[in-house]
Amino acid sequence: MSIEEYNASVDQYSDAVYRFILKNLKDQDKAKDVVQDAFEKLWLKAENVSYSKVKSYLFSTAYHTMIDMLRKEKKESRMQDEEAIILSHTNQYTDLNEVLNKAVEKLPESQKSVILLRDYEGYSYDEIAGITGLSESQVKVYIYRGRKFLKDYIGTVETVL
Amino acid sequence: MKITRDNYELYFLDFIEGRMSEQEKNELFLFLGQNPDLKSELEDYDQIYLKPVTNAGFENKESVKKGGVNEEINESNFEQFCIAAAENDLSDEKKTDLLKFIGNNSRRENTLMLYSKIKLSADKDVLFERKDQLYKRVVSFSARTVYSAISVAAVILVIFSANFFLDSHNDYVTSPQEYISDMKPESFIADTIIKLPENEVNIEVLQSDKTVHLAEGEAEGEKQEEKYTERQKVHTETGRLFARANTLPPKPIPAERKVSDPSEMAHRLNNTSTVPGKYSDNRDFSFYNFTGEVAELFNSDILSRNEGRITAWDIADAGLRGFSRLTGKEVNFDKDVDEDGRIVALVIETESFGFSRVKGKK
């Protein structure tokens, strides 16, 4: 990958990676650090990463850096606890995005990441597996469980209509 | 190994778990016959093992089974069909099955609709603000750039060389350097060395008495200082020095200092004398010190300003002006820049030559 391609990848992908990480971490400074770290790693490996693989490389690097960060901060256990909570609500939302964003915050980390990659970037199961290091069947299961969770959180279609 | 009261537990365990041969069992029974008090203990061992209940089972297996989308659609796998439909994982055939299963059932219809709406969308207003810290700058020198720089340097060198040597054949003296370079500063008499035009009237001879303090060790006996007279011929209008003379006895010049480089000679003179009267300000005569002058220009014009980075052109400009003052020749070096600050044309003018180049023209 040339320096021009590297700089082009900054323009093309830094925003998307940042949004993905920010949605998971909910901390702007940390999200920026993760993105910056991912690009520094990309630059160090620039000779070995082809331009066609840059996007996956960035998402994968940022994802694993984020997971390491979360583990260090012991947020993982807290999120696992949240997974066991059966959530329901009676609020009336007028905006589906509003309720979805609230619901996605309740998802376990593994489910949240794969759904964000699926919805934000349109990655296939195979690509998500490559980014996260999960098997394709695991990715599919997480996405199905995540969708089910989001649907149960929202309740009925009348809630958002 | 023989069964004793010290190791019988191992044999009891093997017996209960069925790991004994017939011969070992016979040995164990013989041992129990000899130690009847341990029979009850063997019976207790037997009771501590949990036995699986084989006659009980979950009767509602079918009610909790989850069928995948590869199976026929039913109530238990309906939501998986809905999710698969939203994920676009269903074949056309399965989609048809799903729609048939939904039929007129509004609850199922709403469930499918809800799943189809559960798609997260990124907020495009959220942008990464540190892009500038990520870009890598390209630092490259094209052959054209290098050749341009070399050609400019060569032109400057040629112009100066030609201008300098051509003017040295003129009778009229406008610069003292070529003469000073030949002078022996310790003993020369200016009038005999410098050729002045017959009709030159703007030359003023400045004379002053001076005292030189000899450094300790150089003086012989008690003689620590020496008086002398310094004479300088100066152009009254331009202030240019034409000659300097003094009455100090000559000193031997070290071989390594016998140089003809005018700038070094000027530097040496400049550092060993001052000029009286209106020229007593050392700064007025510092132009004879080329390196000092360039340094001064560099400091005053370049380093002391706060307008971005210093370019090679700034340094070249300072160098040319230093040469200009040293040689007494008027040399104009200028460049035209466009709105973005890029150099579009170069102009170099001397009394004898003029040179200009528009960047991009061949």
# chains A, B, ... in the order shown; residues from 1 in each chain; ligands from 1
$ interface_residues --of "chain A" --to "chain B" --cutoff "6 Å" --atoms "only C-alpha atoms" --output "PyMOL selection string"
chain A and resi 7+15+119-120+157
$ write_last_selection --atoms "N, CA and C atoms" --output "PDB file, in the first residue's frame"
ATOM      1  N   ASN A   7      -3.199   7.549   2.901  1.00  0.00           N
ATOM      2  CA  ASN A   7      -3.903   8.807   3.186  1.00  0.00           C
ATOM      3  C   ASN A   7      -5.352   8.757   2.688  1.00  0.00           C
ATOM      4  N   ASP A  15     -13.781   7.839   9.643  1.00  0.00           N
ATOM      5  CA  ASP A  15     -15.080   8.206  10.233  1.00  0.00           C
ATOM      6  C   ASP A  15     -15.885   6.956  10.588  1.00  0.00           C
ATOM      7  N   ASP A 119     -24.996  -3.754  10.366  1.00  0.00           N
ATOM      8  CA  ASP A 119     -25.905  -2.673   9.976  1.00  0.00           C
ATOM      9  C   ASP A 119     -25.169  -1.423   9.512  1.00  0.00           C
ATOM     10  N   TYR A 120     -24.098  -1.067  10.223  1.00  0.00           N
ATOM     11  CA  TYR A 120     -23.390   0.162   9.851  1.00  0.00           C
ATOM     12  C   TYR A 120     -22.637  -0.003   8.539  1.00  0.00           C
ATOM     13  N   VAL A 157     -44.796  -3.469  17.483  1.00  0.00           N
ATOM     14  CA  VAL A 157     -44.588  -2.505  16.405  1.00  0.00           C
ATOM     15  C   VAL A 157     -45.357  -1.212  16.675  1.00  0.00           C
TER      16      VAL A 157
END
$ atom_distance --atom1 "CA of Ile102 (chain B)" --atom2 "CA of Glu136 (chain A)"
29.4 Å
$ residues_around --residues "region 49-58 of chain A" --least-positions-apart "2" --cutoff "7 Å" --atoms "only C-alpha atoms" --output "ChimeraX atom specification"
/A:1,5,13,38-39,45-47,60-62,131
$ residues_around --residues "Glu72 (chain B)" --least-positions-apart "6" --cutoff "12 Å" --atoms "only C-alpha atoms" --output "PyMOL selection string"
chain B and resi 66+78+80-81+93-98+100-101
$ write_last_selection --atoms "N, CA and C atoms" --output "PDB file, in the first residue's frame"
ATOM      1  N   LYS B  66     -36.437 -25.858  18.851  1.00  0.00           N
ATOM      2  CA  LYS B  66     -36.366 -24.711  17.937  1.00  0.00           C
ATOM      3  C   LYS B  66     -35.988 -25.221  16.563  1.00  0.00           C
ATOM      4  N   PHE B  78     -40.861 -19.574  13.696  1.00  0.00           N
ATOM      5  CA  PHE B  78     -41.394 -18.447  12.919  1.00  0.00           C
ATOM      6  C   PHE B  78     -40.505 -17.213  13.027  1.00  0.00           C
ATOM      7  N   GLN B  80     -37.397 -17.055  13.706  1.00  0.00           N
ATOM      8  CA  GLN B  80     -36.138 -17.237  12.985  1.00  0.00           C
ATOM      9  C   GLN B  80     -36.329 -16.982  11.498  1.00  0.00           C
ATOM     10  N   PHE B  81     -37.486 -17.367  10.997  1.00  0.00           N
ATOM     11  CA  PHE B  81     -37.801 -17.063   9.601  1.00  0.00           C
ATOM     12  C   PHE B  81     -37.869 -15.551   9.380  1.00  0.00           C
ATOM     13  N   GLU B  93     -38.125 -19.667  -2.091  1.00  0.00           N
ATOM     14  CA  GLU B  93     -39.088 -20.695  -1.665  1.00  0.00           C
ATOM     15  C   GLU B  93     -39.472 -20.506  -0.197  1.00  0.00           C
ATOM     16  N   LYS B  94     -38.474 -20.241   0.642  1.00  0.00           N
ATOM     17  CA  LYS B  94     -38.745 -20.053   2.071  1.00  0.00           C
ATOM     18  C   LYS B  94     -39.529 -18.763   2.323  1.00  0.00           C
ATOM     19  N   LYS B  95     -39.253 -17.753   1.514  1.00  0.00           N
ATOM     20  CA  LYS B  95     -40.008 -16.504   1.657  1.00  0.00           C
ATOM     21  C   LYS B  95     -41.492 -16.747   1.377  1.00  0.00           C
ATOM     22  N   THR B  96     -41.733 -17.529   0.364  1.00  0.00           N
ATOM     23  CA  THR B  96     -43.116 -17.865   0.037  1.00  0.00           C
ATOM     24  C   THR B  96     -43.773 -18.629   1.183  1.00  0.00           C
ATOM     25  N   ASP B  97     -43.023 -19.579   1.749  1.00  0.00           N
ATOM     26  CA  ASP B  97     -43.540 -20.340   2.898  1.00  0.00           C
ATOM     27  C   ASP B  97     -43.874 -19.410   4.056  1.00  0.00           C
ATOM     28  N   LEU B  98     -42.997 -18.438   4.272  1.00  0.00           N
ATOM     29  CA  LEU B  98     -43.196 -17.493   5.376  1.00  0.00           C
ATOM     30  C   LEU B  98     -44.469 -16.674   5.177  1.00  0.00           C
ATOM     31  N   LYS B 100     -47.000 -17.385   3.370  1.00  0.00           N
ATOM     32  CA  LYS B 100     -48.174 -18.263   3.490  1.00  0.00           C
ATOM     33  C   LYS B 100     -48.503 -18.503   4.957  1.00  0.00           C
ATOM     34  N   PHE B 101     -47.449 -18.684   5.754  1.00  0.00           N
ATOM     35  CA  PHE B 101     -47.656 -18.966   7.171  1.00  0.00           C
ATOM     36  C   PHE B 101     -48.252 -17.759   7.895  1.00  0.00           C
TER      37      PHE B 101
END
